[in-house]
Amino acid sequence: MAALTTSGIRNRTRARTEWMLVGVAVAALLAAPFFLYPVFLMKMLCFALFACAFNLLLGFTGLLSFGHAAFFGGAAYFTAHAVKEWGWTPEAGILLGVAGAALLGLVMGFFAIRRQGIYFSMITLALAQMFYFFCLQAPFTKGEDGIQGVPRGHLFGFIDLGLSLNMYYFVLGCFLLGAFAIWRIVNSPFGMILKSIRENENRATSLGYSVARYKLAAFVMSAALAGLAGAMKALVFQFATLTDVTWQMSGEVILMTLLGGIGTMLGPIIGAGLVVALQNYLATSEFPVTIITGAIFMICVLLFRRGIVGEIQARLARGGSGEEV
Amino acid sequence: MMNAQAVAGGAGVDAEPRVVLSARGLRRDFAGFVAVKNVDLDVHHAKIHALIGPNGAGKTTVFNLLTKFLAPSAGRIELLGRDITHTPPAKVARLGLVRSFQISAIFPHLTVLDNVRVALQRPGGLGYQFWRSLGALDLLTPRAEALLETVGLQNERHRLAADLSYGRKRVLEIATTLALDPKVLLLDEPMAGMGHEDVGIVAEIIRDVARDRAVLMVEHNLKVVADLCDWITVLQRGEIIAAGDYATVSQDEQVKVAYMGTAYD
Ligand SMILES: Nc1ncnc2c1ncn2[C@@H]1O[C@H](COP(=O)(O)OP(=O)(O)OP(=O)(O)O)[C@@H](O)[C@H]1O
Ligand SMILES: [Mg+2]
């Protein structure tokens with residue numbers, strides 16, 4: 001009984017420290033553009049949200065998608081097209097990107113969730129490649145050039161996103177909203193069922209849960225949030241190109257998530273931050289970026305399979321139970 | 001179906017015998033190999049029915065067929081008067097036929113309490129609510145704790161299920177199964193790997209549960225079968241070779257041959 005109460009108190013203090021850490025992190029993000037290059041920060045935020053959305057599927061539902069670039073890059077195209085060709089406001093453009101990615105997720109998910117394990121991954125990869133070729137051929141994506149010169153426009157018609165600070169806080173807001181949505185989903189009754197499916201799919205079925213429906217719902221949510229990240233990226237860089245729909249992009253988000261820690265809230269954010277920072281650093285140096293990131297990926301998988309955050313959490317948990325003894 | 005459910009779901013202990021689950025001509029082929037052949041089975045309300053047979057006889061396959069985890073190659077299955085031959089497995093579970101697994105099936109990285117709450121979550125649409133906090137599940141806690149208490153797991157409710165001993169995991173699986181309040185329970189070797197004490201607890205639970213439910217169980221421990229079960233079906237190489245009460249079945253010549261060399265404890 002005594003052990004129970006102490007563990008209860010420990011849980012509560014841990015929850016409080018976690019909230020304090022979140023507060024500190026948000027404060028740091030609010031101040032960051034005064035110290036660091038805003039476009040670089042916004043790129044980090046976009047990829048961080050992308051990785052979090054991916055992790056909703058891999059970490060909390062147990063589905064490894066090899067095709068998430070389709071949602072990220074697809075939404076970028078949809079948003080860029082709506083804003084540039086149709087003159088939509090940025091928020092409407094982003095909503096269209098999110099909706100398009102969700103629809104794409106519904107179609108891809110519908111075919112993929114029928115299969116399990118590696119077959120699921122292979123189908124997502126195949127469907128994403130089909131989408132890549134669609135983007136290569138479709139006239140609205142402008143082929144190899146991509147959609148260039150996308151205006152950032154005015155948020156709600158009066159906030160000029162051309163100013164980089166305005167744009168930064170808009171992206172930060174979207175990121176926080178997306179991250180909160182993921183946190184909410186993971187820690188909800190629905191998230192509980194997703195976890196149980198991840199843990200033991202047959203058991204979840206035998207409890208009466210139509211597993212396929214839950215997986216599809218998670219897939220669509222993940223796709224929509226990945227789409228939000230891609231849509232923001234299109235506005236930040238003011239272009240949408242084929243790079244964001246390639247299989248390499250699907251691989252990159254896997255790398256970020258694994259590096260940071262699968263199934264942790266913070267892991268994908270840290271992983272994305274590190275990879276983006278590294279790419280930025282290497283871009284100005286002589287080193288070949290892909291080889292370096294590939295090497296890091298291998299080292300990570302070999303040395304700490306739980307990822308950075310996962311490894312820290314495991315250490316802390318071990319320390320915590322040590323106290324109790 | 002409404003009718004059967006209304007009868008089965010009556011308040012108080014309703015022990016009137018009747019068939020709640022029946023299979024006719026059940027068959028399953030695996031790439032040319034016939035794992036289950038021509039199996040007829042009637043499971044009665046308020047009775048404990050054992051399915052026994054040597055290793056590889058096809059007992060688990062029969063369970064998989066009845067619960068629709070595997071599609072039958074031929075045959076027909078009826079649950080509470082309703083044809084479920086082509087019903088998907090989750091739907092079968094929702095209709096009241098719930099199984100446990102031969103290899104302990106729990107959610108290892110959820111707490112013991114959450115394992116049971118997951119089972120309680122589906123009715124009322126709590127399964128799909130992604131916008132609410134986990135506090136929404138608090139109303140299920142008293143019922144989950146009561147279930148844990150009946151199996152003696154109340155002191156371990158905040159531990160991760162993965163940290164339980166093998167026998168306790170099986171006990172947790174049974175508590176989770178009971179949480180669904182099924183009409184028909186299929187238990188695949190519920191006592192395998194359990195300590196002596198847990199075997200006693202589980203036997204008592206099964207006896208208690210079967211007062212107003214049907215139980216079909218696979219069990220290798222013939223002493224448990226003799227003590228607990230009202231009816232026994234013996235399976236060998238996918239076919240039924242004998243059926244009856246313990247006295248009848250244990251005197252059957254074919255059964256004796258099938259069990260030759262098998263420990264009789
Ligand atoms: N998915 C499958 N694919 C191919 N063969 C299978 C499959 N499942 C079961 N079998 C075969 O069917 C036969 C019956 O297996 P089953 O698991 O039903 O036996 P069992 O009576 O439950 O045995 P045990 O007492 O060892 O649990 C075995 O020969 C097994 O190898
Ligand atoms: Mg078996």
# chains A, B, ... in the order shown; residues from 1 in each chain; ligands from 1
$ closest_atom_pairs --of "chain B" --to "ligand 1" --cutoff "8 Å" --atoms "only C-alpha atoms and all ligand atoms" --output "JSON lines"
{"residue": "B:Phe30", "atom": "CA", "partner": "ligand 1", "partner_atom_place_in_ligand_line": "4 (C)", "distance": 5.0}
{"residue": "B:Ala31", "atom": "CA", "partner": "ligand 1", "partner_atom_place_in_ligand_line": "4 (C)", "distance": 7.3}
{"residue": "B:Phe33", "atom": "CA", "partner": "ligand 1", "partner_atom_place_in_ligand_line": "5 (N)", "distance": 7.4}
{"residue": "B:Val34", "atom": "CA", "partner": "ligand 1", "partner_atom_place_in_ligand_line": "12 (O)", "distance": 7.5}
{"residue": "B:Ala35", "atom": "CA", "partner": "ligand 1", "partner_atom_place_in_ligand_line": "12 (O)", "distance": 4.4}
{"residue": "B:Val36", "atom": "CA", "partner": "ligand 1", "partner_atom_place_in_ligand_line": "14 (C)", "distance": 7.4}
{"residue": "B:Ile52", "atom": "CA", "partner": "ligand 1", "partner_atom_place_in_ligand_line": "21 (O)", "distance": 7.8}
{"residue": "B:Gly53", "atom": "CA", "partner": "ligand 1", "partner_atom_place_in_ligand_line": "21 (O)", "distance": 6.3}
{"residue": "B:Pro54", "atom": "CA", "partner": "ligand 1", "partner_atom_place_in_ligand_line": "25 (O)", "distance": 5.8}
{"residue": "B:Asn55", "atom": "CA", "partner": "ligand 1", "partner_atom_place_in_ligand_line": "25 (O)", "distance": 3.6}
{"residue": "B:Gly56", "atom": "CA", "partner": "ligand 1", "partner_atom_place_in_ligand_line": "19 (O)", "distance": 3.4}
{"residue": "B:Ala57", "atom": "CA", "partner": "ligand 1", "partner_atom_place_in_ligand_line": "21 (O)", "distance": 3.8}
{"residue": "B:Gly58", "atom": "CA", "partner": "ligand 1", "partner_atom_place_in_ligand_line": "18 (O)", "distance": 3.1}
{"residue": "B:Lys59", "atom": "CA", "partner": "ligand 1", "partner_atom_place_in_ligand_line": "21 (O)", "distance": 3.7}
{"residue": "B:Thr60", "atom": "CA", "partner": "ligand 1", "partner_atom_place_in_ligand_line": "22 (O)", "distance": 3.6}
{"residue": "B:Thr61", "atom": "CA", "partner": "ligand 1", "partner_atom_place_in_ligand_line": "18 (O)", "distance": 3.7}
{"residue": "B:Val62", "atom": "CA", "partner": "ligand 1", "partner_atom_place_in_ligand_line": "18 (O)", "distance": 6.4}
{"residue": "B:Phe63", "atom": "CA", "partner": "ligand 1", "partner_atom_place_in_ligand_line": "18 (O)", "distance": 7.9}
{"residue": "B:Gln102", "atom": "CA", "partner": "ligand 1", "partner_atom_place_in_ligand_line": "27 (O)", "distance": 7.0}
{"residue": "B:His220", "atom": "CA", "partner": "ligand 1", "partner_atom_place_in_ligand_line": "25 (O)", "distance": 7.6}
{"residue": "B:Leu235", "atom": "CA", "partner": "ligand 1", "partner_atom_place_in_ligand_line": "21 (O)", "distance": 7.7}
{"residue": "B:Arg237", "atom": "CA", "partner": "ligand 1", "partner_atom_place_in_ligand_line": "14 (C)", "distance": 7.5}
{"residue": "B:Gly238", "atom": "CA", "partner": "ligand 1", "partner_atom_place_in_ligand_line": "14 (C)", "distance": 7.0}
$ closest_atom_pairs --of "chain A" --to "chain B" --cutoff "7 Å" --atoms "only C-alpha atoms" --output "Markdown table"
| residue | atom | partner | partner_atom | distance |
| --- | --- | --- | --- | --- |
| A:Arg184 | CA | B:Trp131 | CA | 6.4 |
| A:Ile185 | CA | B:Phe130 | CA | 5.0 |
| A:Asn187 | CA | B:Leu134 | CA | 6.0 |
| A:Ser188 | CA | B:Ser133 | CA | 4.8 |
| A:Pro189 | CA | B:Gln129 | CA | 5.7 |
| A:Phe190 | CA | B:Phe130 | CA | 4.8 |
| A:Gly191 | CA | B:Phe130 | CA | 6.6 |
| A:Ile193 | CA | B:Gly127 | CA | 6.4 |
| A:Ser196 | CA | B:Phe107 | CA | 5.9 |
| A:Glu199 | CA | B:Phe107 | CA | 5.3 |
| A:Asn200 | CA | B:Phe107 | CA | 6.1 |
| A:Arg203 | CA | B:Ala105 | CA | 6.0 |
| A:Thr205 | CA | B:Ala90 | CA | 5.0 |
| A:Ser206 | CA | B:Ala93 | CA | 5.8 |
| A:Leu207 | CA | B:Ala119 | CA | 6.0 |
| A:Gly208 | CA | B:Ala90 | CA | 4.2 |
| A:Tyr209 | CA | B:Ala90 | CA | 5.5 |
| A:Ser210 | CA | B:Ala90 | CA | 5.4 |
$ residues_around --residues "B:Val39" --least-positions-apart "2" --cutoff "6 Å" --atoms "only C-alpha atoms" --output "list in words"
Gly25, Leu26 and Lys37 of chain B
$ closest_residue --among "B:Asp245, B:Glu204, B:Asp188, B:Asp198" --to "ligand 2" --atoms "only C-alpha atoms and all ligand atoms"
B:Asp188
$ atom_distance --atom1 "atom CA of A:Ala70" --atom2 "atom CA of A:Arg213"
21.3 Å
$ residues_around --residues "A:Pro151" --least-positions-apart "5" --cutoff "9 Å" --atoms "only C-alpha atoms" --output "JSON list (two decimals) with N, CA and C atoms, in the first residue's frame"
[["chain", "number", "residue", "atom", "x", "y", "z"],
["A", 80, "ALA", "N", 0.27, 25.03, -52.00],
["A", 80, "ALA", "CA", 0.97, 25.95, -52.90],
["A", 80, "ALA", "C", 0.07, 26.32, -54.09],
["A", 83, "VAL", "N", -2.92, 28.60, -53.00],
["A", 83, "VAL", "CA", -2.52, 29.97, -52.65],
["A", 83, "VAL", "C", -2.04, 30.73, -53.88],
["A", 84, "LYS", "N", -1.24, 30.04, -54.71],
["A", 84, "LYS", "CA", -0.67, 30.74, -55.85],
["A", 84, "LYS", "C", -1.66, 30.90, -57.00],
["A", 87, "GLY", "N", -5.38, 32.09, -55.45],
["A", 87, "GLY", "CA", -5.34, 33.27, -54.60],
["A", 87, "GLY", "C", -5.99, 33.09, -53.23],
["A", 90, "PRO", "N", -3.66, 32.16, -46.75],
["A", 90, "PRO", "CA", -2.79, 31.08, -46.27],
["A", 90, "PRO", "C", -3.53, 30.06, -45.40],
["A", 161, "LEU", "N", 2.31, 37.74, -43.63],
["A", 161, "LEU", "CA", 3.24, 36.64, -43.35],
["A", 161, "LEU", "C", 4.56, 36.81, -44.10],
["A", 162, "GLY", "N", 4.63, 37.84, -44.92],
["A", 162, "GLY", "CA", 5.91, 38.13, -45.58],
["A", 162, "GLY", "C", 6.97, 38.53, -44.57],
["A", 235, "LEU", "N", 4.57, 27.09, -47.46],
["A", 235, "LEU", "CA", 4.48, 28.54, -47.25],
["A", 235, "LEU", "C", 5.79, 29.12, -46.75],
["A", 238, "GLN", "N", 8.09, 28.90, -49.72],
["A", 238, "GLN", "CA", 7.40, 29.48, -50.86],
["A", 238, "GLN", "C", 7.54, 28.66, -52.13],
["A", 239, "PHE", "N", 7.74, 27.36, -51.98],
["A", 239, "PHE", "CA", 7.68, 26.47, -53.13],
["A", 239, "PHE", "C", 7.29, 25.07, -52.69]]
